[in-house]
Every structure is written in C-alpha cells, then in structure tokens.
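Undergrad: My questions all concern the structure below.
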Amino acid sequence: MNISELSNLNANVSVCVTLADLKEFVSEMVAEAAAKPQQTEETMLSADEVCKVLRISSNSLWRWGKSGYLKGQKVGRKVFYRKSDIDALQGRL
C-alpha cells in the first residue's frame, strides 16, 4: 500500500515512509494540483460602468439586484458586478 492509498482511507494512522515514497507522493500531489483548472481573477465593474455597458438606468440596475436578475457584491459601501455576469446578460438582452 502506498501513501496515496493511505490518504484516501481517511483513517488516523501513523506511517513510516521511505524518502522514495515521500518523493513519489509529493510529485503526485504536485501533478494533481497542476491538473486542476486555475482560478483567474475576475474583473469587477462598478454600478456606473454596468449602466453604461448595458445602457440602463441606475433604477433598473437596482431593481434587477432586488429581483435577483443581476446580483452584485458589496465591497464596503459600493456594489460591484462580475464582468462575466454582464457579458452573459448582454447575450440575453
């Protein structure tokens, strides 16, 4: 049984490992992490920018937020919107 198999058991065990086993385990973990899609930083737009892009009033944007049609994220006292959400919404308008 190797270290990867032991880690999948979710058991509380103590293990003595050889350096070769440890290197193999670390290389497997690095390969697994590299295979996962990397999170990209999302561009955020202010309410004014969203209104300009979508050609809507601030009242419409407020109503859309209240109804759940377009959700924003509050940062401090301001609300910001994901650019990906705006782009998807443009396709529906």
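FYI, nothing fancy with the structure tokens labels: chains A, B, ... in order, residues from 1 per chain, ligands from 1 as they appear.
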Applying 12 Å and only C-alpha atoms, which residues near range 60-62 of chain A remain after dropping the ones on its own chain fewer than 6 positions away? List them as a JSON list (two decimals) with N, CA, C and O atoms, in the first residue's frame.
TA:
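Produced file part_11.json, reproduced below:
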[["chain", "number", "residue", "atom", "x", "y", "z"],
["A", 46, "SER", "N", -18.13, 48.65, -11.63],
["A", 46, "SER", "CA", -18.96, 49.44, -10.72],
["A", 46, "SER", "C", -20.37, 49.55, -11.29],
["A", 46, "SER", "O", -20.62, 49.24, -12.46],
["A", 47, "ALA", "N", -21.28, 50.04, -10.49],
["A", 47, "ALA", "CA", -22.67, 50.21, -10.94],
["A", 47, "ALA", "C", -22.75, 51.17, -12.12],
["A", 47, "ALA", "O", -23.49, 50.93, -13.09],
["A", 48, "ASP", "N", -21.98, 52.24, -12.08],
["A", 48, "ASP", "CA", -21.98, 53.21, -13.18],
["A", 48, "ASP", "C", -21.49, 52.57, -14.47],
["A", 48, "ASP", "O", -22.06, 52.79, -15.55],
["A", 49, "GLU", "N", -20.43, 51.77, -14.37],
["A", 49, "GLU", "CA", -19.91, 51.09, -15.56],
["A", 49, "GLU", "C", -20.92, 50.11, -16.13],
["A", 49, "GLU", "O", -21.09, 50.02, -17.35],
["A", 50, "VAL", "N", -21.61, 49.39, -15.26],
["A", 50, "VAL", "CA", -22.62, 48.42, -15.71],
["A", 50, "VAL", "C", -23.76, 49.14, -16.43],
["A", 50, "VAL", "O", -24.21, 48.70, -17.49],
["A", 51, "CYS", "N", -24.20, 50.25, -15.87],
["A", 51, "CYS", "CA", -25.27, 51.03, -16.51],
["A", 51, "CYS", "C", -24.86, 51.51, -17.90],
["A", 51, "CYS", "O", -25.68, 51.47, -18.83],
["A", 52, "LYS", "N", -23.62, 51.92, -18.05],
["A", 52, "LYS", "CA", -23.15, 52.38, -19.36],
["A", 52, "LYS", "C", -23.06, 51.22, -20.34],
["A", 52, "LYS", "O", -23.47, 51.33, -21.49],
["A", 53, "VAL", "N", -22.53, 50.09, -19.89],
["A", 53, "VAL", "CA", -22.36, 48.93, -20.77],
["A", 53, "VAL", "C", -23.71, 48.38, -21.22],
["A", 53, "VAL", "O", -23.91, 48.08, -22.40],
["A", 54, "LEU", "N", -24.65, 48.27, -20.28],
["A", 54, "LEU", "CA", -25.95, 47.68, -20.60],
["A", 54, "LEU", "C", -26.97, 48.71, -21.11],
["A", 54, "LEU", "O", -28.06, 48.34, -21.52],
["A", 68, "GLY", "N", -33.01, 39.66, -8.11],
["A", 68, "GLY", "CA", -32.09, 38.54, -8.28],
["A", 68, "GLY", "C", -31.68, 38.31, -9.73],
["A", 68, "GLY", "O", -30.97, 37.36, -10.04],
["A", 69, "TYR", "N", -32.12, 39.17, -10.62],
["A", 69, "TYR", "CA", -31.80, 39.05, -12.04],
["A", 69, "TYR", "C", -30.31, 39.28, -12.28],
["A", 69, "TYR", "O", -29.69, 38.62, -13.10],
["A", 70, "LEU", "N", -29.74, 40.22, -11.54],
["A", 70, "LEU", "CA", -28.30, 40.51, -11.64],
["A", 70, "LEU", "C", -27.79, 40.80, -10.24],
["A", 70, "LEU", "O", -28.09, 41.84, -9.68],
["A", 71, "LYS", "N", -27.04, 39.87, -9.70],
["A", 71, "LYS", "CA", -26.54, 40.02, -8.33],
["A", 71, "LYS", "C", -25.20, 40.75, -8.33],
["A", 71, "LYS", "O", -24.34, 40.49, -9.16],
["A", 72, "GLY", "N", -25.06, 41.65, -7.39],
["A", 72, "GLY", "CA", -23.80, 42.35, -7.19],
["A", 72, "GLY", "C", -23.14, 41.89, -5.91],
["A", 72, "GLY", "O", -23.73, 41.14, -5.12],
["A", 79, "VAL", "N", -21.29, 48.62, -4.57],
["A", 79, "VAL", "CA", -21.65, 47.33, -5.14],
["A", 79, "VAL", "C", -20.90, 47.17, -6.45],
["A", 79, "VAL", "O", -20.87, 48.10, -7.27],
["A", 80, "PHE", "N", -20.31, 46.00, -6.65],
["A", 80, "PHE", "CA", -19.60, 45.70, -7.89],
["A", 80, "PHE", "C", -20.21, 44.46, -8.52],
["A", 80, "PHE", "O", -20.78, 43.61, -7.84],
["A", 81, "TYR", "N", -20.07, 44.36, -9.84],
["A", 81, "TYR", "CA", -20.67, 43.27, -10.61],
["A", 81, "TYR", "C", -19.59, 42.57, -11.41],
["A", 81, "TYR", "O", -18.68, 43.21, -11.95],
["A", 86, "ILE", "N", -22.12, 40.23, -16.60],
["A", 86, "ILE", "CA", -22.59, 41.29, -17.51],
["A", 86, "ILE", "C", -22.54, 40.79, -18.94],
["A", 86, "ILE", "O", -23.48, 41.00, -19.73]]
Undergrad: Running DSSP on the backbone, which parts of chain A land in alpha helix (DSSP H), as a PyMOL selection string?
TA: chain A and resi 3-9+19-35+47-54+58-67+83-92
Undergrad: Keeping only N, CA and C atoms, write the selected residues as a compact mmCIF listing (two decimals), in the first residue's frame.
TA:
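After the write, result_37.txt holds the following:
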# COMPACT_ATOMS: atom_id res chain seq x y z
N ILE A 3 1.39 5.68 -0.09
CA ILE A 3 0.91 6.83 0.68
C ILE A 3 -0.40 7.36 0.12
N SER A 4 -0.53 7.39 -1.20
CA SER A 4 -1.77 7.89 -1.81
C SER A 4 -2.96 7.05 -1.40
N GLU A 5 -2.79 5.74 -1.37
CA GLU A 5 -3.88 4.86 -0.97
C GLU A 5 -4.24 5.10 0.50
N LEU A 6 -3.24 5.31 1.34
CA LEU A 6 -3.50 5.59 2.75
C LEU A 6 -4.24 6.91 2.94
N SER A 7 -3.87 7.90 2.15
CA SER A 7 -4.54 9.20 2.29
C SER A 7 -5.99 9.13 1.87
N ASN A 8 -6.34 8.23 0.97
CA ASN A 8 -7.72 8.07 0.53
C ASN A 8 -8.58 7.33 1.55
N LEU A 9 -7.95 6.64 2.50
CA LEU A 9 -8.70 5.90 3.52
C LEU A 9 -9.33 6.80 4.58
N LEU A 19 12.19 7.77 1.79
CA LEU A 19 12.36 9.01 1.06
C LEU A 19 11.80 8.87 -0.35
N ALA A 20 11.97 7.72 -0.96
CA ALA A 20 11.45 7.50 -2.31
C ALA A 20 9.92 7.57 -2.33
N ASP A 21 9.27 6.96 -1.32
CA ASP A 21 7.82 7.03 -1.24
C ASP A 21 7.33 8.46 -1.03
N LEU A 22 8.05 9.20 -0.20
CA LEU A 22 7.68 10.59 0.06
C LEU A 22 7.82 11.43 -1.21
N LYS A 23 8.90 11.23 -1.96
CA LYS A 23 9.09 11.96 -3.21
C LYS A 23 7.99 11.61 -4.21
N GLU A 24 7.63 10.35 -4.29
CA GLU A 24 6.56 9.92 -5.20
C GLU A 24 5.24 10.58 -4.81
N PHE A 25 4.94 10.62 -3.52
CA PHE A 25 3.71 11.23 -3.05
C PHE A 25 3.66 12.71 -3.37
N VAL A 26 4.77 13.40 -3.12
CA VAL A 26 4.82 14.84 -3.40
C VAL A 26 4.66 15.10 -4.89
N SER A 27 5.30 14.32 -5.72
CA SER A 27 5.18 14.53 -7.17
C SER A 27 3.75 14.25 -7.64
N GLU A 28 3.06 13.28 -7.04
CA GLU A 28 1.66 13.02 -7.38
C GLU A 28 0.78 14.20 -6.98
N MET A 29 1.02 14.76 -5.80
CA MET A 29 0.23 15.90 -5.34
C MET A 29 0.46 17.13 -6.22
N VAL A 30 1.70 17.35 -6.62
CA VAL A 30 2.01 18.48 -7.49
C VAL A 30 1.33 18.29 -8.86
N ALA A 31 1.38 17.08 -9.39
CA ALA A 31 0.74 16.81 -10.68
C ALA A 31 -0.77 16.98 -10.58
N GLU A 32 -1.35 16.56 -9.47
CA GLU A 32 -2.80 16.70 -9.26
C GLU A 32 -3.19 18.17 -9.16
N ALA A 33 -2.39 18.95 -8.45
CA ALA A 33 -2.67 20.38 -8.32
C ALA A 33 -2.52 21.09 -9.66
N ALA A 34 -1.55 20.68 -10.46
CA ALA A 34 -1.34 21.31 -11.76
C ALA A 34 -2.46 20.96 -12.73
N ALA A 35 -3.09 19.82 -12.55
CA ALA A 35 -4.16 19.39 -13.44
C ALA A 35 -5.47 20.14 -13.17
N ALA A 47 -21.28 50.04 -10.49
CA ALA A 47 -22.67 50.21 -10.94
C ALA A 47 -22.75 51.17 -12.12
N ASP A 48 -21.98 52.24 -12.08
CA ASP A 48 -21.98 53.21 -13.18
C ASP A 48 -21.49 52.57 -14.47
N GLU A 49 -20.43 51.77 -14.37
CA GLU A 49 -19.91 51.09 -15.56
C GLU A 49 -20.92 50.11 -16.13
N VAL A 50 -21.61 49.39 -15.26
CA VAL A 50 -22.62 48.42 -15.71
C VAL A 50 -23.76 49.14 -16.43
N CYS A 51 -24.20 50.25 -15.87
CA CYS A 51 -25.27 51.03 -16.51
C CYS A 51 -24.86 51.51 -17.90
N LYS A 52 -23.62 51.92 -18.05
CA LYS A 52 -23.15 52.38 -19.36
C LYS A 52 -23.06 51.22 -20.34
N VAL A 53 -22.53 50.09 -19.89
CA VAL A 53 -22.36 48.93 -20.77
C VAL A 53 -23.71 48.38 -21.22
N LEU A 54 -24.65 48.27 -20.28
CA LEU A 54 -25.95 47.68 -20.60
C LEU A 54 -26.97 48.71 -21.11
N SER A 58 -29.80 53.57 -13.45
CA SER A 58 -29.39 53.03 -12.14
C SER A 58 -30.60 52.44 -11.42
N ASN A 59 -31.80 52.97 -11.69
CA ASN A 59 -33.01 52.39 -11.09
C ASN A 59 -33.24 50.98 -11.60
N SER A 60 -33.04 50.75 -12.89
CA SER A 60 -33.20 49.40 -13.44
C SER A 60 -32.20 48.44 -12.83
N LEU A 61 -30.98 48.91 -12.69
CA LEU A 61 -29.93 48.07 -12.09
C LEU A 61 -30.30 47.72 -10.65
N TRP A 62 -30.82 48.68 -9.92
CA TRP A 62 -31.24 48.45 -8.54
C TRP A 62 -32.36 47.41 -8.49
N ARG A 63 -33.35 47.55 -9.39
CA ARG A 63 -34.47 46.59 -9.43
C ARG A 63 -33.99 45.19 -9.79
N TRP A 64 -33.06 45.11 -10.74
CA TRP A 64 -32.51 43.81 -11.14
C TRP A 64 -31.80 43.15 -9.96
N GLY A 65 -31.11 43.96 -9.17
CA GLY A 65 -30.43 43.42 -7.99
C GLY A 65 -31.42 42.92 -6.95
N LYS A 66 -32.50 43.67 -6.73
CA LYS A 66 -33.52 43.27 -5.76
C LYS A 66 -34.24 42.00 -6.19
N SER A 67 -34.49 41.86 -7.51
CA SER A 67 -35.23 40.69 -8.01
C SER A 67 -34.33 39.46 -8.17
N LYS A 83 -17.80 40.96 -14.48
CA LYS A 83 -17.85 41.22 -15.93
C LYS A 83 -18.42 40.02 -16.66
N SER A 84 -18.13 38.81 -16.20
CA SER A 84 -18.65 37.61 -16.85
C SER A 84 -20.18 37.56 -16.76
N ASP A 85 -20.75 38.02 -15.63
CA ASP A 85 -22.20 38.08 -15.49
C ASP A 85 -22.80 39.11 -16.45
N ILE A 86 -22.12 40.23 -16.60
CA ILE A 86 -22.59 41.29 -17.51
C ILE A 86 -22.54 40.79 -18.94
N ASP A 87 -21.44 40.12 -19.32
CA ASP A 87 -21.31 39.59 -20.68
C ASP A 87 -22.40 38.56 -20.98
N ALA A 88 -22.70 37.71 -20.01
CA ALA A 88 -23.75 36.70 -20.19
C ALA A 88 -25.11 37.39 -20.32
N LEU A 89 -25.32 38.42 -19.56
CA LEU A 89 -26.58 39.15 -19.60
C LEU A 89 -26.76 39.88 -20.93
N GLN A 90 -25.67 40.38 -21.47
CA GLN A 90 -25.74 41.07 -22.77
C GLN A 90 -26.24 40.14 -23.86
N GLY A 91 -25.88 38.87 -23.78
CA GLY A 91 -26.33 37.90 -24.76
C GLY A 91 -27.82 37.66 -24.68
N ARG A 92 -28.43 37.88 -23.51
CA ARG A 92 -29.86 37.66 -23.33
C ARG A 92 -30.68 38.89 -23.66
Undergrad: For CA of Met44 in chain A and CA of Gln73 in chain A, quote the distance in Å rounded to one decimal.
TA: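 Interatomic distance here is 9.2 Å.
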Undergrad: Among chain A, which ones does DSSP place in strand (DSSP E), written as a PyMOL selection string?
TA: chain A and resi 44-46+73-75+78-82
Undergrad: What would the file look like if the residues just selected were written as a PDB file, in the first residue's frame with N, CA, C and O atoms?
TA:
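Wrote out-v3.pdb, looks like this:
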ATOM      1  N   MET A  44     -14.178  43.148 -12.070  1.00  0.00           N
ATOM      2  CA  MET A  44     -15.392  43.664 -11.448  1.00  0.00           C
ATOM      3  C   MET A  44     -15.692  45.050 -12.009  1.00  0.00           C
ATOM      4  O   MET A  44     -14.777  45.833 -12.252  1.00  0.00           O
ATOM      5  N   LEU A  45     -16.979  45.324 -12.206  1.00  0.00           N
ATOM      6  CA  LEU A  45     -17.414  46.618 -12.722  1.00  0.00           C
ATOM      7  C   LEU A  45     -18.254  47.328 -11.670  1.00  0.00           C
ATOM      8  O   LEU A  45     -19.023  46.696 -10.945  1.00  0.00           O
ATOM      9  N   SER A  46     -18.132  48.651 -11.630  1.00  0.00           N
ATOM     10  CA  SER A  46     -18.958  49.436 -10.719  1.00  0.00           C
ATOM     11  C   SER A  46     -20.366  49.555 -11.294  1.00  0.00           C
ATOM     12  O   SER A  46     -20.617  49.236 -12.459  1.00  0.00           O
ATOM     13  N   GLN A  73     -21.918  42.316  -5.712  1.00  0.00           N
ATOM     14  CA  GLN A  73     -21.179  42.009  -4.483  1.00  0.00           C
ATOM     15  C   GLN A  73     -20.802  43.315  -3.827  1.00  0.00           C
ATOM     16  O   GLN A  73     -20.169  44.173  -4.454  1.00  0.00           O
ATOM     17  N   LYS A  74     -21.200  43.448  -2.595  1.00  0.00           N
ATOM     18  CA  LYS A  74     -20.929  44.680  -1.875  1.00  0.00           C
ATOM     19  C   LYS A  74     -19.513  44.653  -1.322  1.00  0.00           C
ATOM     20  O   LYS A  74     -19.102  43.704  -0.661  1.00  0.00           O
ATOM     21  N   VAL A  75     -18.781  45.712  -1.612  1.00  0.00           N
ATOM     22  CA  VAL A  75     -17.426  45.888  -1.088  1.00  0.00           C
ATOM     23  C   VAL A  75     -17.421  47.241  -0.395  1.00  0.00           C
ATOM     24  O   VAL A  75     -17.462  48.277  -1.060  1.00  0.00           O
ATOM     25  N   LYS A  78     -19.908  50.198  -1.602  1.00  0.00           N
ATOM     26  CA  LYS A  78     -20.202  50.142  -3.036  1.00  0.00           C
ATOM     27  C   LYS A  78     -20.534  48.723  -3.470  1.00  0.00           C
ATOM     28  O   LYS A  78     -20.093  47.756  -2.866  1.00  0.00           O
ATOM     29  N   VAL A  79     -21.292  48.622  -4.566  1.00  0.00           N
ATOM     30  CA  VAL A  79     -21.653  47.332  -5.138  1.00  0.00           C
ATOM     31  C   VAL A  79     -20.902  47.172  -6.454  1.00  0.00           C
ATOM     32  O   VAL A  79     -20.869  48.096  -7.275  1.00  0.00           O
ATOM     33  N   PHE A  80     -20.309  46.002  -6.654  1.00  0.00           N
ATOM     34  CA  PHE A  80     -19.599  45.695  -7.885  1.00  0.00           C
ATOM     35  C   PHE A  80     -20.213  44.457  -8.518  1.00  0.00           C
ATOM     36  O   PHE A  80     -20.783  43.610  -7.836  1.00  0.00           O
ATOM     37  N   TYR A  81     -20.070  44.359  -9.840  1.00  0.00           N
ATOM     38  CA  TYR A  81     -20.667  43.269 -10.606  1.00  0.00           C
ATOM     39  C   TYR A  81     -19.588  42.571 -11.414  1.00  0.00           C
ATOM     40  O   TYR A  81     -18.682  43.214 -11.946  1.00  0.00           O
ATOM     41  N   ARG A  82     -19.704  41.240 -11.539  1.00  0.00           N
ATOM     42  CA  ARG A  82     -18.735  40.466 -12.312  1.00  0.00           C
ATOM     43  C   ARG A  82     -18.909  40.761 -13.801  1.00  0.00           C
ATOM     44  O   ARG A  82     -20.020  40.756 -14.323  1.00  0.00           O
TER      45      ARG A  82
END
